[in-house]
Amino acid sequence: MQSGYMIDIPEPKAKTRNLIGFFIFGLINNFAYVVFLSAAVDIMENKLTSSVVLLCEILPGMIVQAIAPLFMQKIPFWLKVCFCSITSCSSFLLVALPNTLELRLIGVVVASVATGFGEITYMSLTSFYHKNTVSAYSSGTGGAGVFGSVLYWSLRNFASQYISPKFILLSCAPIPLYMAISYFCIISGEQKSYHAIQTGYLDDDQKQFTGARELSLSEKFKLQLRLFKYTGPLFLVYYSEYTIMQAVAPVIIFPNSKYWADGSVVYTWYQMLYQVGVLISRSSVNIIQFKRLWFLSSWQVVNLIVLWSVAYFEWIESIYIIFPIIVYEGLVGGAVYVNCFYLLTEEIEDDIKEFAMSCVSFWYSCGILSASLSGLVIQPWLEKRRRKLYFKPLTPNPK
C-alpha cells in the first residue's frame, strides 16, 4: 500500500480472527436496529404509526454520520467501541423498562445514535486491516437482519404465552457487549502498530511512518464531491429498496388466498426473504465484484417500478412470483452496499481512506430517511387505490 509520505507500508494480511471480529461488529452493531423495527408494533402499542419508529431509528443516526467524521479521528478506537457497546445496551433498557411511549422512543433514538456511530467507527477501522474485513463486516450486517428479525419473530410468535415483548427486549440488552469483546479479545492490533491512531493524535514521526494525514475542513467537503461516484448509487439503491419494503410491499397482498390475505403474515415473509438476499450478496464480494455501481443501483429502481405497478394494477396474481423479486431486491441492495465500500478500499488513497470510509455511510441513511418520508404518502395512496382499506397491515395507519 502506498503511503502519502515517505515510505511504503505493506498491506496487512487477512487473519481469521480479524474476519471473525469484523463479522461480529457488523452483526451486533445492526442488531438493535433490526430488533426495534421488528418490535415496532409492540413499542407503539397502536398509539402511533410504526413509521415513527423508523424515523427515530434513522434521523438521529444520520445526523451523527454527518457530523462525527469531522472530529472522530481524534477519538481512540477503544473509546469509540466502548461507547457503541454501552449505548446500544442502554437502548434496550430504555425501550423495555419504561411504561411511557416517550421514554421508549428515546431508547430507539439512543439505539440510532449507537448504530450510526458504530457504522462509521467499524468501517473506518477496516482501513487499518486487510480489505477482506470489509466483506466480513458487510456479511455481519446482512446476518443481523436475519438474526434479529428471526429471533424476535420466533420468540414473539412461539413463546408469547410464556414471555412478554418487554422480557424479550430485556434479554437482548447484554448482546451489544460482544462488540467490546470482539475489539479487545478477538481482533489483532493493526490499528495500533499500523496507524498509531489509538493515541488520538499523530506526531510528525508517526505521520511520516503511517501515511496518515489530517484533512482541513475545506478538504473534507471537497472530498464529498469526489465520493459521489460511491455515495450516489448508495443513496439511490437504499431509497428504492426501503420505499419498496416500507410503502409498496405491505400493499401487495392476495385477498383471494386463504393464507396470503393477511397483510402482517405476508409482510413478515417479505422481510425474511429480503434479509436473506441481503445476507447472500453482502457475503459475496470475495467471489464476485461489481464496479459499475450506478448500473447496479438502477436495477433497484426497476424493481421499485415493477412492484409499484403490481401494487397499483394488480397484474401479478401469485405471491410465489413476488417472492423471487423480493429476494432479488435484497441481492441488489446488498451488492451495492458491499461493493461500494470494497471499491473504496481499492481506489482511495491510504492517507484519506479512514475519513472516506467513515463519511460514506451518511448517504445511505439519507436514502432510508427519504424513503420513510415518501412512504408516509405512497402507502396510503396505494391502499386507497386498491380499495383495501380494511386489511390488517403490519403497521397500523395513524388515526
# chains A, B, ... in the order shown; residues from 1 in each chain; ligands from 1
$ residues_around --residues "Arg292 (chain A)" --least-positions-apart "2" --cutoff "12 Å" --atoms "only C-alpha atoms" --output "tab-separated table (two decimals) with C-alpha atoms, in the first residue's frame"
chain	number	residue	atom	x	y	z
A	229	LYS	CA	-19.45	8.02	-7.55
A	230	TYR	CA	-19.91	5.85	-4.45
A	232	GLY	CA	-24.84	8.48	-5.30
A	233	PRO	CA	-25.57	4.81	-6.12
A	234	LEU	CA	-25.72	4.01	-2.41
A	289	GLN	CA	-17.15	-7.78	-7.61
A	290	PHE	CA	-19.19	-5.11	-9.41
A	294	TRP	CA	-24.72	3.24	-11.00
A	295	PHE	CA	-25.77	0.45	-13.34
A	296	LEU	CA	-26.35	-1.93	-10.45
A	297	SER	CA	-28.36	0.59	-8.42
A	298	SER	CA	-30.54	1.36	-11.44
A	299	TRP	CA	-31.84	-2.20	-11.28
A	335	ALA	CA	-24.37	-5.95	-3.62
A	336	VAL	CA	-24.30	-2.16	-4.00
A	339	ASN	CA	-19.11	-3.25	-3.42
A	340	CYS	CA	-19.27	0.45	-2.60
A	343	LEU	CA	-14.13	-0.24	-4.11
$ residues_around --residues "Ser281 (chain A)" --least-positions-apart "2" --cutoff "6 Å" --atoms "only C-alpha atoms" --output "list in words"
Val278, Leu279, Ser283, Ser284, Leu331, Gly334 and Ala335 of chain A
$ closest_residue --among "A:Pro165, A:Pro176, A:Leu55, A:Phe158" --to "Phe83 (chain A)" --atoms "only C-alpha atoms"
A:Pro176
$ residues_around --residues "region 318-320 of chain A" --least-positions-apart "6" --cutoff "8 Å" --atoms "only C-alpha atoms" --output "PyMOL selection string"
chain A and resi 253-254+260
$ residues_around --residues "region 106-123 of chain A" --least-positions-apart "6" --cutoff "6 Å" --atoms "only C-alpha atoms" --output "VMD selection string"
chain A and resid 29 56 to 57 60 to 61 65 84 87 to 88 91 94 to 95 357 to 358
$ write_last_selection --atoms "C-alpha atoms" --output "CSV table (one decimal), in the first residue's frame"
chain,number,residue,atom,x,y,z
A,29,ASN,CA,-24.0,-3.1,15.6
A,56,CYS,CA,-36.5,7.6,15.2
A,57,GLU,CA,-34.1,4.9,14.1
A,60,PRO,CA,-30.5,10.6,14.8
A,61,GLY,CA,-28.1,8.2,13.3
A,65,GLN,CA,-23.0,10.2,10.5
A,84,CYS,CA,-21.2,2.0,21.0
A,87,THR,CA,-25.1,3.0,24.4
A,88,SER,CA,-26.6,0.1,22.5
A,91,SER,CA,-31.2,1.5,24.4
A,94,LEU,CA,-34.8,2.3,27.8
A,95,VAL,CA,-37.2,0.7,25.4
A,357,MET,CA,-14.9,5.1,4.8
A,358,SER,CA,-16.4,6.9,7.8
$ atom_distance --atom1 "CA of Cys82 (chain A)" --atom2 "CA of Ile348 (chain A)"
28.2 Å
$ closest_residue --among "A:Val52, A:Leu19, A:Ile168, A:Leu155" --to "Ala96 (chain A)" --atoms "only C-alpha atoms"
A:Ile168
$ closest_residue --among "A:Thr243, A:Ser309, A:Gln275, A:Ser218" --to "Leu373 (chain A)" --atoms "only C-alpha atoms"
A:Thr243
$ residues_around --residues "Ile368 (chain A)" --least-positions-apart "2" --cutoff "7 Å" --atoms "only C-alpha atoms" --output "MDAnalysis selection string"
chainID A and resid 238:239 242 364:366 370:372
$ write_last_selection --atoms "all heavy atoms" --output "PDB file, in the first residue's frame"
ATOM      1  N   TYR A 238     -30.689   2.523  -1.678  1.00  0.00           N
ATOM      2  CA  TYR A 238     -31.366   2.465  -0.382  1.00  0.00           C
ATOM      3  C   TYR A 238     -32.726   3.155  -0.443  1.00  0.00           C
ATOM      4  O   TYR A 238     -33.690   2.688   0.192  1.00  0.00           O
ATOM      5  CB  TYR A 238     -30.498   3.090   0.706  1.00  0.00           C
ATOM      6  CG  TYR A 238     -29.667   2.058   1.421  1.00  0.00           C
ATOM      7  CD1 TYR A 238     -28.444   1.642   0.895  1.00  0.00           C
ATOM      8  CD2 TYR A 238     -30.107   1.474   2.597  1.00  0.00           C
ATOM      9  CE1 TYR A 238     -27.688   0.680   1.533  1.00  0.00           C
ATOM     10  CE2 TYR A 238     -29.350   0.514   3.245  1.00  0.00           C
ATOM     11  CZ  TYR A 238     -28.146   0.115   2.707  1.00  0.00           C
ATOM     12  OH  TYR A 238     -27.398  -0.853   3.336  1.00  0.00           O
ATOM     13  N   TYR A 239     -32.832   4.243  -1.172  1.00  0.00           N
ATOM     14  CA  TYR A 239     -34.142   4.877  -1.317  1.00  0.00           C
ATOM     15  C   TYR A 239     -35.120   3.914  -1.984  1.00  0.00           C
ATOM     16  O   TYR A 239     -36.263   3.756  -1.540  1.00  0.00           O
ATOM     17  CB  TYR A 239     -34.044   6.160  -2.141  1.00  0.00           C
ATOM     18  CG  TYR A 239     -35.411   6.738  -2.436  1.00  0.00           C
ATOM     19  CD1 TYR A 239     -36.089   7.474  -1.469  1.00  0.00           C
ATOM     20  CD2 TYR A 239     -36.042   6.488  -3.657  1.00  0.00           C
ATOM     21  CE1 TYR A 239     -37.365   7.959  -1.714  1.00  0.00           C
ATOM     22  CE2 TYR A 239     -37.311   6.986  -3.912  1.00  0.00           C
ATOM     23  CZ  TYR A 239     -37.969   7.715  -2.941  1.00  0.00           C
ATOM     24  OH  TYR A 239     -39.232   8.188  -3.186  1.00  0.00           O
ATOM     25  N   TYR A 242     -35.967   0.683   0.371  1.00  0.00           N
ATOM     26  CA  TYR A 242     -36.771   0.993   1.548  1.00  0.00           C
ATOM     27  C   TYR A 242     -38.145   1.532   1.170  1.00  0.00           C
ATOM     28  O   TYR A 242     -39.102   1.358   1.928  1.00  0.00           O
ATOM     29  CB  TYR A 242     -36.025   1.973   2.461  1.00  0.00           C
ATOM     30  CG  TYR A 242     -35.181   1.256   3.486  1.00  0.00           C
ATOM     31  CD1 TYR A 242     -33.946   0.717   3.134  1.00  0.00           C
ATOM     32  CD2 TYR A 242     -35.620   1.075   4.787  1.00  0.00           C
ATOM     33  CE1 TYR A 242     -33.174   0.036   4.059  1.00  0.00           C
ATOM     34  CE2 TYR A 242     -34.857   0.403   5.722  1.00  0.00           C
ATOM     35  CZ  TYR A 242     -33.636  -0.130   5.349  1.00  0.00           C
ATOM     36  OH  TYR A 242     -32.878  -0.806   6.263  1.00  0.00           O
ATOM     37  N   TYR A 364     -26.340   6.587   2.681  1.00  0.00           N
ATOM     38  CA  TYR A 364     -27.407   5.579   2.623  1.00  0.00           C
ATOM     39  C   TYR A 364     -28.460   5.852   3.682  1.00  0.00           C
ATOM     40  O   TYR A 364     -29.639   5.524   3.510  1.00  0.00           O
ATOM     41  CB  TYR A 364     -26.852   4.155   2.670  1.00  0.00           C
ATOM     42  CG  TYR A 364     -26.451   3.603   4.006  1.00  0.00           C
ATOM     43  CD1 TYR A 364     -27.395   3.292   4.976  1.00  0.00           C
ATOM     44  CD2 TYR A 364     -25.115   3.319   4.276  1.00  0.00           C
ATOM     45  CE1 TYR A 364     -27.028   2.744   6.180  1.00  0.00           C
ATOM     46  CE2 TYR A 364     -24.736   2.761   5.486  1.00  0.00           C
ATOM     47  CZ  TYR A 364     -25.702   2.482   6.428  1.00  0.00           C
ATOM     48  OH  TYR A 364     -25.330   1.935   7.637  1.00  0.00           O
ATOM     49  N   SER A 365     -28.062   6.486   4.799  1.00  0.00           N
ATOM     50  CA  SER A 365     -29.060   6.899   5.783  1.00  0.00           C
ATOM     51  C   SER A 365     -29.983   7.958   5.200  1.00  0.00           C
ATOM     52  O   SER A 365     -31.181   7.985   5.498  1.00  0.00           O
ATOM     53  CB  SER A 365     -28.367   7.437   7.038  1.00  0.00           C
ATOM     54  OG  SER A 365     -27.635   6.424   7.683  1.00  0.00           O
ATOM     55  N   CYS A 366     -29.426   8.836   4.369  1.00  0.00           N
ATOM     56  CA  CYS A 366     -30.270   9.825   3.684  1.00  0.00           C
ATOM     57  C   CYS A 366     -31.285   9.127   2.791  1.00  0.00           C
ATOM     58  O   CYS A 366     -32.447   9.548   2.700  1.00  0.00           O
ATOM     59  CB  CYS A 366     -29.411  10.771   2.847  1.00  0.00           C
ATOM     60  SG  CYS A 366     -28.432  11.944   3.792  1.00  0.00           S
ATOM     61  N   SER A 370     -35.304   9.457   3.310  1.00  0.00           N
ATOM     62  CA  SER A 370     -36.146   9.929   2.206  1.00  0.00           C
ATOM     63  C   SER A 370     -37.235   8.915   1.889  1.00  0.00           C
ATOM     64  O   SER A 370     -38.387   9.282   1.617  1.00  0.00           O
ATOM     65  CB  SER A 370     -35.284  10.192   0.967  1.00  0.00           C
ATOM     66  OG  SER A 370     -34.302  11.165   1.218  1.00  0.00           O
ATOM     67  N   ALA A 371     -36.894   7.632   1.928  1.00  0.00           N
ATOM     68  CA  ALA A 371     -37.883   6.591   1.658  1.00  0.00           C
ATOM     69  C   ALA A 371     -38.956   6.545   2.732  1.00  0.00           C
ATOM     70  O   ALA A 371     -40.147   6.367   2.432  1.00  0.00           O
ATOM     71  CB  ALA A 371     -37.187   5.236   1.553  1.00  0.00           C
ATOM     72  N   SER A 372     -38.552   6.702   3.992  1.00  0.00           N
ATOM     73  CA  SER A 372     -39.541   6.654   5.077  1.00  0.00           C
ATOM     74  C   SER A 372     -40.509   7.830   4.996  1.00  0.00           C
ATOM     75  O   SER A 372     -41.704   7.682   5.272  1.00  0.00           O
ATOM     76  CB  SER A 372     -38.834   6.632   6.430  1.00  0.00           C
ATOM     77  OG  SER A 372     -38.096   7.826   6.636  1.00  0.00           O
TER      78      SER A 372
END
$ select_by_dssp --residues "region 50-134 of chain A" --states "alpha helix (DSSP H)" --output "number ranges by chain"
A: 51-67, 77-96, 101-125, 132-134
$ residues_around --residues "Ser216 (chain A)" --least-positions-apart "3" --cutoff "12 Å" --atoms "only C-alpha atoms" --output "list of chain:residue names"
A:Pro69, A:Leu70, A:Phe71, A:Arg213, A:Glu219, A:Lys220, A:Phe221, A:Lys222, A:Leu223, A:Ile352, A:Phe355
$ write_last_selection --atoms "all heavy atoms" --output "CSV table (one decimal), in the first residue's frame"
chain,number,residue,atom,x,y,z
A,69,PRO,N,-17.7,12.3,11.3
A,69,PRO,CA,-16.4,12.2,10.6
A,69,PRO,C,-15.6,13.5,10.7
A,69,PRO,O,-14.4,13.4,10.4
A,69,PRO,CB,-16.9,12.0,9.2
A,69,PRO,CG,-18.2,11.3,9.3
A,69,PRO,CD,-18.9,12.0,10.5
A,70,LEU,N,-16.2,14.6,11.1
A,70,LEU,CA,-15.4,15.9,11.1
A,70,LEU,C,-14.5,15.9,12.4
A,70,LEU,O,-13.5,16.7,12.4
A,70,LEU,CB,-16.4,17.1,11.2
A,70,LEU,CG,-17.3,17.2,10.0
A,70,LEU,CD1,-18.2,18.4,10.2
A,70,LEU,CD2,-16.6,17.4,8.7
A,71,PHE,N,-14.7,15.0,13.4
A,71,PHE,CA,-13.9,15.1,14.6
A,71,PHE,C,-13.5,13.7,15.1
A,71,PHE,O,-12.6,13.6,16.0
A,71,PHE,CB,-14.7,15.9,15.7
A,71,PHE,CG,-15.9,15.2,16.1
A,71,PHE,CD1,-15.9,14.2,17.1
A,71,PHE,CD2,-17.2,15.6,15.6
A,71,PHE,CE1,-17.0,13.6,17.5
A,71,PHE,CE2,-18.3,14.9,16.0
A,71,PHE,CZ,-18.3,13.9,17.0
A,213,ARG,N,-3.0,11.5,7.3
A,213,ARG,CA,-3.0,12.9,7.0
A,213,ARG,C,-4.2,13.5,7.6
A,213,ARG,O,-5.3,13.0,7.4
A,213,ARG,CB,-2.9,13.1,5.5
A,213,ARG,CG,-2.9,14.6,5.1
A,213,ARG,CD,-2.4,14.8,3.7
A,213,ARG,NE,-3.3,14.2,2.7
A,213,ARG,CZ,-4.3,14.9,2.1
A,213,ARG,NH1,-4.5,16.2,2.4
A,213,ARG,NH2,-5.1,14.3,1.2
A,219,GLU,N,-11.0,20.6,2.7
A,219,GLU,CA,-10.7,19.4,2.1
A,219,GLU,C,-11.7,18.3,2.3
A,219,GLU,O,-12.0,17.5,1.4
A,219,GLU,CB,-9.3,18.9,2.5
A,219,GLU,CG,-8.1,19.7,2.0
A,219,GLU,CD,-6.8,19.2,2.6
A,219,GLU,OE1,-6.7,18.9,3.8
A,219,GLU,OE2,-5.9,19.0,1.8
A,220,LYS,N,-12.3,18.2,3.5
A,220,LYS,CA,-13.3,17.2,3.8
A,220,LYS,C,-14.5,17.4,2.9
A,220,LYS,O,-15.1,16.5,2.4
A,220,LYS,CB,-13.6,17.2,5.3
A,220,LYS,CG,-12.5,16.7,6.1
A,220,LYS,CD,-12.8,16.8,7.6
A,220,LYS,CE,-11.7,16.2,8.5
A,220,LYS,NZ,-12.0,16.3,9.9
A,221,PHE,N,-14.9,18.7,2.8
A,221,PHE,CA,-16.1,19.0,1.9
A,221,PHE,C,-15.8,18.7,0.5
A,221,PHE,O,-16.7,18.2,-0.3
A,221,PHE,CB,-16.6,20.4,2.2
A,221,PHE,CG,-17.3,20.6,3.4
A,221,PHE,CD1,-16.8,21.3,4.5
A,221,PHE,CD2,-18.6,20.1,3.6
A,221,PHE,CE1,-17.5,21.5,5.7
A,221,PHE,CE2,-19.3,20.2,4.8
A,221,PHE,CZ,-18.8,21.0,5.8
A,222,LYS,N,-14.6,19.0,0.0
A,222,LYS,CA,-14.3,18.8,-1.4
A,222,LYS,C,-14.3,17.3,-1.7
A,222,LYS,O,-14.6,16.8,-2.8
A,222,LYS,CB,-12.9,19.4,-1.7
A,222,LYS,CG,-13.0,20.9,-1.8
A,222,LYS,CD,-11.6,21.5,-2.1
A,222,LYS,CE,-11.6,23.0,-2.2
A,222,LYS,NZ,-10.3,23.6,-2.4
A,223,LEU,N,-13.8,16.5,-0.7
A,223,LEU,CA,-13.8,15.1,-0.9
A,223,LEU,C,-15.2,14.5,-1.1
A,223,LEU,O,-15.3,13.4,-1.7
A,223,LEU,CB,-13.1,14.4,0.4
A,223,LEU,CG,-12.9,12.9,0.3
A,223,LEU,CD1,-12.1,12.5,-0.9
A,223,LEU,CD2,-12.2,12.4,1.6
A,352,ILE,N,-6.3,9.2,3.1
A,352,ILE,CA,-7.6,9.8,3.3
A,352,ILE,C,-8.7,8.7,3.5
A,352,ILE,O,-9.9,8.9,3.6
A,352,ILE,CB,-8.0,10.7,2.2
A,352,ILE,CG1,-8.0,10.0,0.9
A,352,ILE,CG2,-7.1,11.9,2.2
A,352,ILE,CD1,-8.6,10.8,-0.3
A,355,PHE,N,-11.1,8.6,6.7
A,355,PHE,CA,-12.2,9.6,6.6
A,355,PHE,C,-13.2,9.2,5.6
A,355,PHE,O,-14.4,9.3,5.8
A,355,PHE,CB,-11.6,10.9,6.3
A,355,PHE,CG,-12.7,12.0,6.2
A,355,PHE,CD1,-13.3,12.5,7.2
A,355,PHE,CD2,-13.0,12.4,4.9
A,355,PHE,CE1,-14.3,13.5,7.1
A,355,PHE,CE2,-14.0,13.4,4.7
A,355,PHE,CZ,-14.6,13.9,5.8
